[in-house]
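S.K.: Before I ask anything, here is the structure I am working with.
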Amino acid sequence: MIKHILIIILLFISAYANAKLTVNEIRPANWWTNLHYNNLVIIAKGSELAKATIEINSKNIRLIKTEPSQNPNYLLFEIEINKNAQPENIPINFLQDGKVKSSIIFQLLKESKSNRIPINTSDVLYQIVPDRFKDHNQENNNPKEYIEKYDNKNPAGIHGGDFEGIINSIDYLTNLGISVIDLTPVYESNQFFNSYDHCGVTNFYKPDIRLGTINNLKELSTKAKIKNMKLCLTLVLNQMGKQHDLIKNNPFPNWTVPDFKLYSEPRFQHIFSDPYASNSDITNKLQTWPDMDISALNQFDNHLEKFLIQHTIWWINTINADAIRIEKTYMNTPALLNNLSSTLNIDFPGLTIITDYEQAPPPAAEFFCKKLRKENINIKISDYHLANSISNSFSSFIDYNEGIEKLYQSLSDDYIYNNALNNITFIDNNKSSRAFSLADKDPNQLKMMLSVLFTLRGTPQILYGTEALLDGIITGGVGFVRKNMPGINYSNKTNIFTNNGLSNQQIEIIKLIKQLIAVRKNSKALSIGNTTHFIPEDGLYLIFRKYKDETVMTVINNNPNIEKKLESEKYSEQCENFLSAIDLITNQEYSDINNIIIAPKKVMILQLKP
């Protein structure tokens, strides 16, 4: 028995001693010339890399240093790309005892500087959860190497939507009037559950193959630009899935926080903006895991910070993104955000960054914008404060005066923002209850919400399927909000992409959204005009948007029972030079603005005429 054990031990030692040094992949595997950001952290993965030294025979890049990991199959090294470097396929050799044992190619690509036009107030964003939108290629629904399998009946399962489905729906989005395709995360997420949302990242340099390839994503970007549409990509900087090889094999333990922390969202999201916060509270916040299968990242680690910044550049450059949205902005350190913005400001002028700070009070949301705001970077706040007001203002379960006064007060809080015109406005998104549910499934109430959304300051955003009257309450889970688009599969009886099987209510909402987008795009007053509003009286609330000689008046009658007659004398400050008006939705003309009657629970959008 002892003899057998000794033989096994000797065989194991012999196998270990003779193990080959190999490198299978490096991340990132490519970079670009002429970028200001030219100092990279690269992770090599293979076997027995702890024994390796690195040799790079190229005048275009130089090796700065190597740092072995706690797992011998990983090696971290830093390189610097020369400022005058030329495109080249560069062999990186891995040596042992002075001999080359393995080699891999690092691609140095030519940087083609493209001008990015910032997202502006004439744009309309359309937020898409790719897995739930349109399944064009069913062959990629169940890759063998992925843990979670296709399950269209599970609200939290894989439903099959993909990049090709979005590509084939660009004409639909164009006809709707959309100018920005806003994608939720698309990273590889080879997790056991909830992998459809792609926030449990298992590869920071690869899209999820169930959505498609990086070439599919490039094609989407290219075809969107042909249609004069912009592309916004959501990036995750604060966490990664526990199935990521950097966690399973644990080469850099300082990159993640200890897994004895609670699996829950932090209670105080605005702790970074708290001037009196203790260091221990800040540390505890950052060490809170979002989910039992997702690890929080330690953004205080210098190598990890560089890794996160350079992966952001990689995605922007690879797919030529016009904008990025930072998922859970409040879970990122101010230092990381500041360094990220400084870097992007130099290499990508015109890029838009959208902060996403769920349920944040305006001061806290503005705090993170200050950390990102640079001269050439267009920073936008996702305006949850206004969204909550719009979604609650018109409900029959809230007193009509109280509801409309909350909307008034929300706009009155705009003094807190550096520039409220830079806010992204919405009535729902992929993290909230659906607009139709917030409207108590009352199409007229939804029409009021949409009419207000598209006439207020900021840049409006709608969630995929709002036009299809998708419903869902967030308390049931985000999967019940992120429902399938009618027509995700060609077999669907109701298909919004082909107009088959649509109800009259769906047709009306689609028509209204098209009209509102067209009206806003054709009106400087609505897109960039100054705002003046008057204190609501008995549910009647008037908001004026003015740009040069153009004045648009949004009239809201939130009273459920009483029609209102417009008395221009009360609003002479804005109306004194106008006698008539035209309804921008119905095209009805009013020769005397004092004879305009606003029905109960109605919003009118009127362009005033002399």
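Every chain in the structure tokens takes a letter, A first, then B, and so on in the order presented; its residues are numbered from 1, and the ligands are numbered from 1 following the presented order.
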Mind checking DSSP for region 511-558 of chain A and telling me the helix (DSSP H, G or I) residues as a list in words?
M.R.: Lys511, Leu512, Ile513, Lys514, Gln515, Leu516, Ile517, Ala518, Val519, Arg520, Lys521, Lys524, Ala525, Leu526, Ser527 and Ile528 of chain A
S.K.: List as a ChimeraX atom specification the protein and nucleic acid residues near Thr234 (chain A), meaning an atom at most 6 Å away when only C-alpha atoms are counted, but skip any in the same chain fewer than 2 places from it.
M.R.: /A:184-185,324-326
S.K.: Generate the output file for the selected residues, N, CA and C atoms, as a compact mmCIF listing (two decimals), in the first residue's frame.
M.R.:
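Produced file result-v5.txt, reproduced below:
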# COMPACT_ATOMS: atom_id res chain seq x y z
N THR A 184 -28.64 47.49 -22.90
CA THR A 184 -28.21 47.05 -21.58
C THR A 184 -26.98 46.14 -21.78
N PRO A 185 -26.29 45.71 -20.70
CA PRO A 185 -25.01 44.99 -20.87
C PRO A 185 -25.09 43.80 -21.82
N ILE A 324 -21.65 55.68 -23.61
CA ILE A 324 -21.65 54.58 -22.66
C ILE A 324 -22.54 54.96 -21.48
N ARG A 325 -23.16 53.95 -20.93
CA ARG A 325 -23.91 54.10 -19.68
C ARG A 325 -23.17 53.29 -18.62
N ILE A 326 -22.94 53.88 -17.46
CA ILE A 326 -22.24 53.19 -16.39
C ILE A 326 -23.26 52.56 -15.46
S.K.: I want to know what sits within 9 Å of Leu237 (chain A), based on only C-alpha atoms, with residues of the same chain fewer than 6 positions away left out; could you give that as a PyMOL selection string?
M.R.: chain A and resi 297+299+308-309+312+326-329+331-332
S.K.: So that I can see what lies close to Ser280 (chain A), please list as a ChimeraX atom specification the residues with an atom at most 12 Å from it, counting only C-alpha atoms and leaving out residues fewer than 6 positions away in the same chain.
M.R.: /A:271,286-287
S.K.: Which residues of region 390-462 of chain A have any atom within 7 Å of an atom in region 553-575 of chain A when counting only C-alpha atoms, and what is the closest pair of atoms for each, with the distance in Å to one decimal? Order the rows by chain and rising number and write it as JSON lines.
M.R.:
{"residue": "A:Phe394", "atom": "CA", "partner": "A:Asn558", "partner_atom": "CA", "distance": 6.5}
{"residue": "A:Tyr400", "atom": "CA", "partner": "A:Asn558", "partner_atom": "CA", "distance": 5.8}
{"residue": "A:Ile404", "atom": "CA", "partner": "A:Asn558", "partner_atom": "CA", "distance": 6.9}
S.K.: Could you write those residues out with N, CA and C atoms, as a short mmCIF file (atom, residue, chain, number, x, y, z; two decimals), in the first residue's frame?
M.R.:
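This went into result.cif:
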data_model
loop_
_atom_site.label_atom_id
_atom_site.label_comp_id
_atom_site.auth_asym_id
_atom_site.auth_seq_id
_atom_site.Cartn_x
_atom_site.Cartn_y
_atom_site.Cartn_z
N PHE A 394 -50.48 61.30 -12.52
CA PHE A 394 -51.79 61.22 -13.18
C PHE A 394 -52.63 60.03 -12.71
N TYR A 400 -55.64 64.36 -7.43
CA TYR A 400 -55.18 64.99 -8.67
C TYR A 400 -54.36 66.25 -8.41
N ILE A 404 -50.21 66.43 -9.45
CA ILE A 404 -49.65 67.41 -10.37
C ILE A 404 -48.69 68.35 -9.65
#
S.K.: Compile the contact shell of region 457-474 of chain A as an NGL selection string: residues with an atom at most 7 Å away, counting only C-alpha atoms, same-chain residues fewer than 6 positions apart removed.
M.R.: :A and (120-128 or 420-426 or 428-430 or 432-437 or 480-481 or 485 or 506 or 509-510 or 527)
S.K.: Keeping N, CA and C atoms, export the residues of the selection given above as a tab-separated table (two decimals), in the first residue's frame.
M.R.:
chain	number	residue	atom	x	y	z
A	120	ASN	N	-27.84	64.57	-27.72
A	120	ASN	CA	-28.36	65.89	-27.39
A	120	ASN	C	-29.86	65.85	-27.20
A	121	THR	N	-30.44	66.99	-26.89
A	121	THR	CA	-31.84	67.05	-26.50
A	121	THR	C	-32.82	66.83	-27.65
A	122	SER	N	-32.31	66.78	-28.88
A	122	SER	CA	-33.19	66.45	-30.01
A	122	SER	C	-33.23	64.95	-30.25
A	123	ASP	N	-32.40	64.19	-29.51
A	123	ASP	CA	-32.37	62.73	-29.63
A	123	ASP	C	-33.49	62.08	-28.83
A	124	VAL	N	-33.78	60.84	-29.18
A	124	VAL	CA	-34.68	60.00	-28.40
A	124	VAL	C	-34.01	58.64	-28.25
A	125	LEU	N	-33.80	58.22	-26.99
A	125	LEU	CA	-33.18	56.94	-26.72
A	125	LEU	C	-34.23	55.84	-26.64
A	126	TYR	N	-33.84	54.65	-27.07
A	126	TYR	CA	-34.71	53.48	-27.01
A	126	TYR	C	-33.92	52.39	-26.32
A	127	GLN	N	-34.28	52.10	-25.05
A	127	GLN	CA	-33.51	51.14	-24.26
A	127	GLN	C	-33.97	49.72	-24.56
A	128	ILE	N	-32.99	48.87	-24.90
A	128	ILE	CA	-33.27	47.49	-25.30
A	128	ILE	C	-32.53	46.53	-24.37
A	420	ALA	N	-29.94	70.97	-16.13
A	420	ALA	CA	-30.99	69.95	-16.23
A	420	ALA	C	-31.28	69.55	-17.67
A	421	LEU	N	-30.89	70.38	-18.64
A	421	LEU	CA	-31.07	70.00	-20.04
A	421	LEU	C	-30.28	68.74	-20.38
A	422	ASN	N	-29.24	68.45	-19.60
A	422	ASN	CA	-28.41	67.27	-19.85
A	422	ASN	C	-28.97	65.99	-19.25
A	423	ASN	N	-30.10	66.07	-18.59
A	423	ASN	CA	-30.67	64.88	-17.97
A	423	ASN	C	-31.35	63.99	-19.00
A	424	ILE	N	-31.27	62.68	-18.76
A	424	ILE	CA	-32.04	61.70	-19.53
A	424	ILE	C	-33.37	61.52	-18.81
A	425	THR	N	-34.46	61.80	-19.50
A	425	THR	CA	-35.78	61.73	-18.89
A	425	THR	C	-36.52	60.47	-19.37
A	426	PHE	N	-37.35	59.92	-18.52
A	426	PHE	CA	-38.07	58.68	-18.86
A	426	PHE	C	-39.23	58.51	-17.90
A	428	ASP	N	-40.20	55.03	-17.46
A	428	ASP	CA	-39.83	53.72	-16.95
A	428	ASP	C	-38.53	53.31	-17.62
A	429	ASN	N	-37.87	52.30	-17.04
A	429	ASN	CA	-36.71	51.69	-17.68
A	429	ASN	C	-36.64	50.24	-17.27
A	430	ASN	N	-35.53	49.57	-17.59
A	430	ASN	CA	-35.47	48.12	-17.36
A	430	ASN	C	-35.34	47.76	-15.88
A	432	SER	N	-37.43	49.39	-13.49
A	432	SER	CA	-38.62	49.92	-12.82
A	432	SER	C	-39.86	49.19	-13.33
A	433	SER	N	-40.98	49.45	-12.69
A	433	SER	CA	-42.25	48.94	-13.20
A	433	SER	C	-42.51	49.53	-14.58
A	434	ARG	N	-43.23	48.80	-15.38
A	434	ARG	CA	-43.55	49.22	-16.74
A	434	ARG	C	-44.48	50.44	-16.76
A	435	ALA	N	-44.28	51.28	-17.77
A	435	ALA	CA	-45.08	52.51	-17.88
A	435	ALA	C	-46.57	52.21	-17.92
A	436	PHE	N	-46.97	51.17	-18.62
A	436	PHE	CA	-48.40	50.85	-18.74
A	436	PHE	C	-48.96	50.44	-17.38
A	437	SER	N	-48.16	49.73	-16.58
A	437	SER	CA	-48.59	49.37	-15.23
A	437	SER	C	-48.62	50.60	-14.33
A	480	PHE	N	-40.11	40.09	-14.71
A	480	PHE	CA	-41.50	40.36	-15.06
A	480	PHE	C	-41.66	41.74	-15.70
A	481	VAL	N	-40.64	42.57	-15.61
A	481	VAL	CA	-40.63	43.86	-16.29
A	481	VAL	C	-40.02	43.71	-17.68
A	485	MET	N	-40.61	41.20	-26.29
A	485	MET	CA	-41.26	42.06	-27.27
A	485	MET	C	-42.23	41.22	-28.10
A	506	GLN	N	-52.87	49.51	-28.82
A	506	GLN	CA	-51.46	49.49	-29.19
A	506	GLN	C	-51.20	50.39	-30.40
A	509	ILE	N	-51.16	54.06	-29.29
A	509	ILE	CA	-49.96	54.46	-28.56
A	509	ILE	C	-48.78	54.58	-29.51
A	510	ILE	N	-48.64	53.64	-30.44
A	510	ILE	CA	-47.56	53.72	-31.43
A	510	ILE	C	-47.68	55.01	-32.24
A	527	SER	N	-36.91	71.13	-27.72
A	527	SER	CA	-35.63	70.43	-27.55
A	527	SER	C	-34.62	71.23	-26.74
S.K.: Restricting the calculation to only C-alpha atoms: of A:Val478, A:Leu608, A:Ala50, A:Leu512, which residue gets closest to Glu550 (chain A)?
M.R.: A:Leu608
S.K.: Just list the residues in region 86-290 of chain A DSSP gives strand (DSSP E or B) on the backbone, as a short mmCIF file (atom, residue, chain, number, x, y, z; two decimals) with C-alpha atoms, in the first residue's frame.
M.R.:
data_model
loop_
_atom_site.label_atom_id
_atom_site.label_comp_id
_atom_site.auth_asym_id
_atom_site.auth_seq_id
_atom_site.Cartn_x
_atom_site.Cartn_y
_atom_site.Cartn_z
CA GLU A 88 1.66 45.22 -36.58
CA ASN A 89 0.99 41.64 -35.49
CA ILE A 90 3.46 41.30 -32.63
CA PRO A 91 4.57 37.90 -31.27
CA ILE A 92 4.84 37.85 -27.48
CA ASN A 93 7.18 35.03 -26.48
CA PHE A 94 7.04 33.20 -23.17
CA LEU A 95 10.42 31.79 -22.17
CA GLN A 96 11.66 29.27 -19.66
CA LYS A 99 14.15 29.17 -24.40
CA VAL A 100 10.86 30.12 -26.09
CA LYS A 101 8.23 27.66 -24.87
CA SER A 102 5.09 29.37 -26.13
CA SER A 103 4.07 32.40 -28.15
CA ILE A 104 0.94 34.40 -28.87
CA ILE A 105 0.10 37.26 -31.22
CA PHE A 106 -0.82 40.71 -29.95
CA GLN A 107 -2.52 42.80 -32.65
CA LEU A 108 -1.64 46.45 -32.91
CA LEU A 109 -4.34 48.00 -35.08
CA LEU A 125 -33.18 56.94 -26.72
CA TYR A 126 -34.71 53.48 -27.01
CA GLN A 127 -33.51 51.14 -24.26
CA ILE A 128 -33.27 47.49 -25.30
CA TYR A 150 -32.81 28.56 -23.24
CA ILE A 158 -32.76 32.97 -21.57
CA VAL A 180 -30.18 56.31 -30.12
CA ILE A 181 -30.13 52.54 -29.60
CA ASP A 182 -29.43 52.11 -25.89
CA LEU A 183 -28.28 48.56 -25.06
CA TYR A 187 -20.92 40.84 -21.85
CA GLU A 188 -20.42 37.10 -21.79
CA ASN A 203 -15.40 37.81 -19.81
CA PHE A 204 -14.85 41.56 -20.01
CA TYR A 205 -13.58 41.35 -23.59
CA LYS A 206 -16.29 39.29 -25.24
CA PRO A 207 -20.01 39.59 -25.90
CA LYS A 230 -26.21 56.48 -32.38
CA LEU A 231 -25.27 53.48 -30.26
CA CYS A 232 -25.02 53.52 -26.46
CA LEU A 233 -23.44 50.59 -24.62
CA THR A 234 -23.90 49.83 -20.92
CA LEU A 235 -20.68 48.94 -19.10
CA GLN A 239 -18.77 43.49 -10.27
CA MET A 240 -18.25 40.21 -12.10
CA GLY A 241 -19.83 36.77 -12.02
CA THR A 256 -12.47 41.04 -5.40
CA TYR A 263 -25.58 39.17 -0.41
CA TRP A 289 -22.17 41.65 -2.95
#
S.K.: Which one of A:Glu48, A:Asp592, A:Glu576, A:Asp97 sits closest to Asn73 (chain A) if you count only C-alpha atoms?
M.R.: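 Among the listed residues, A:Glu48 lies closest to Asn73 (chain A).
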S.K.: I'd like the contact shell of Thr222 (chain A) - 9 Å cut-off, only C-alpha atoms, skipping same-chain residues fewer than 4 positions apart - returned as an MDAnalysis selection string.
M.R.: chainID A and resid 217:218 226:227 319:320
S.K.: Go through A:Asp383, A:Asp414, A:Glu78, A:Glu305 one by one, measure the shortest atom-to-atom distance of each to Leu453 (chain A) using only C-alpha atoms, and give the residue with the smallest value.
M.R.: A:Asp383
S.K.: Show which residues sit within 9 Å of Gly200 (chain A), as a short mmCIF file (atom, residue, chain, number, x, y, z; two decimals) with C-alpha atoms, in the first residue's frame. Count only C-alpha atoms, and ignore same-chain residues fewer than 3 positions away.
M.R.:
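The file below, around.cif, is the result:
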data_model
loop_
_atom_site.label_atom_id
_atom_site.label_comp_id
_atom_site.auth_asym_id
_atom_site.auth_seq_id
_atom_site.Cartn_x
_atom_site.Cartn_y
_atom_site.Cartn_z
CA TYR A 187 -20.92 40.84 -21.85
CA GLU A 188 -20.42 37.10 -21.79
CA SER A 189 -22.23 35.91 -18.68
CA ASN A 190 -21.80 32.15 -18.34
CA GLN A 191 -23.59 31.97 -15.01
CA ASN A 194 -30.05 35.43 -14.43
CA SER A 195 -27.38 35.36 -17.11
CA ASP A 197 -29.03 40.47 -18.07
CA VAL A 236 -20.28 47.15 -15.76
CA GLN A 239 -18.77 43.49 -10.27
CA MET A 240 -18.25 40.21 -12.10
CA GLY A 241 -19.83 36.77 -12.02
CA LYS A 242 -18.43 34.09 -9.73
CA GLN A 243 -18.03 31.86 -12.79
CA HIS A 244 -15.42 34.25 -14.20
CA ASP A 293 -23.39 34.47 -7.60
CA ILE A 294 -21.86 37.90 -8.31
CA SER A 295 -18.76 39.29 -6.63
#
S.K.: To one decimal place in Å, what is the distance between CA of Ile26 (chain A) and CA of Pro349 (chain A)?
M.R.: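 So the two atoms, CA of Ile26 (chain A) and CA of Pro349 (chain A), lie 28.8 Å apart.
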S.K.: Which is closest to Leu173 (chain A) among A:Lys514, A:Lys248, A:Lys306, A:Lys431, if we use only C-alpha atoms?
M.R.: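 Looking only at the distances to Leu173 (chain A), the closest residue turns out to be A:Lys514.
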